[in-house]
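K.L.:
Structure incoming, see below.
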Amino acid sequence: MSRRLKLIVAYDGAPFAGWQSQSHRNTVQDHLERAFKRVTGGAVRVHGAGRTDAAVHALAQCAHVDVLKFLPADRWIKALNALLPSAIRVLRCRYVSKHFHARLAAKGKIYRYRIWTGPILPPFEYRRAWHVAQPRDLKVLKSAAKHFVGTHDFASFAANRGKPETSTIRTINSVRVRQKGPCVTIEFDGNGFLYKMVRLMVGALVRCALGKMCIEEITSRLHSGKVGADRFVAPAEGLYLVRVRY
């Protein structure tokens, strides 16, 4: 009889083609499933809380998997990490009820976006932050960020994944903008996020901060739900999935 494991997984997204399994088998899900197969001797399906894109990082992605083999939780962590690439690590794991589902049970997620504003991007920040060296107005960025809070139609802040969304209505509980030295972080807490939604929101915020877009345009897009032609998607390498809320 199978038992369900809940995993908390961290990964550096740079070497991988995102979370979701693909034919070339170089995704986080693919590597996890291969590691499980080597431990259990059979194929398993790892279900993630959400699909992060290529080059997007995770501090605490949540996933679940049903296994026939019983090992203590700490043994699973050691066994999987011994087989996984060094850029993927299982941080925690425990047995949970079969009623738990990593994606369907999620009540919300927190994403963080990092922007490096210094004139030179340090090598250790390469593929870890978006380098924006032009003069920008942090007060404008903070003011613009407040407009995303609340329940809105985020159709104009979503990309087409190939099939229509059931609904483009989402609720953003908070947007926090902080600066420490040259690093600006923008943290979004919401009940769900559309495809490339965070990166499109960040793109709009940075355009506002650089004086290339009016704050009122954000409000207009949220009210209309129309996809405008003048949109900018922030680079994937600055984005981190921080936490999945249950």
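Following the order of the structure tokens, first chain is A, next is B, and so on, with residues numbered from 1 inside each chain and ligands from 1 in the order they appear.
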Contacts of A:Tyr11 at 9 Å or less, counting only C-alpha atoms, minus same-chain residues fewer than 3 places along, as a ChimeraX atom specification?

P.N.:
/A:14,28,56-61,86-90

K.L.:
Hey, what does DSSP flag as strand (DSSP E) within stretch 17-245 of chain A? Can you give it to me as an MDAnalysis selection string?

P.N.:
chainID A and resid 46:48 57:67 88:96 108:116 130:131 150:153 169:180 183:190 239:245

K.L.:
Interatomic distance between atom CA of A:Asp189 and atom CA of A:Ser174?

P.N.:
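Atom CA of A:Ser174 lies 5.3 Å from atom CA of A:Asp189.
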
K.L.:
Closest to A:Ser224 among A:Ala63, A:Ala155, A:Leu141, A:Ala106, using only C-alpha atoms?

P.N.:
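Among A:Ala63, A:Ala155, A:Leu141, A:Ala106, it is A:Ala155 that comes nearest to A:Ser224.
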
K.L.:
By how many Å are atom CA of A:Val184 and atom CA of A:Ala55 apart?

P.N.:
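Separating atom CA of A:Val184 from atom CA of A:Ala55 is a distance of 19.2 Å.
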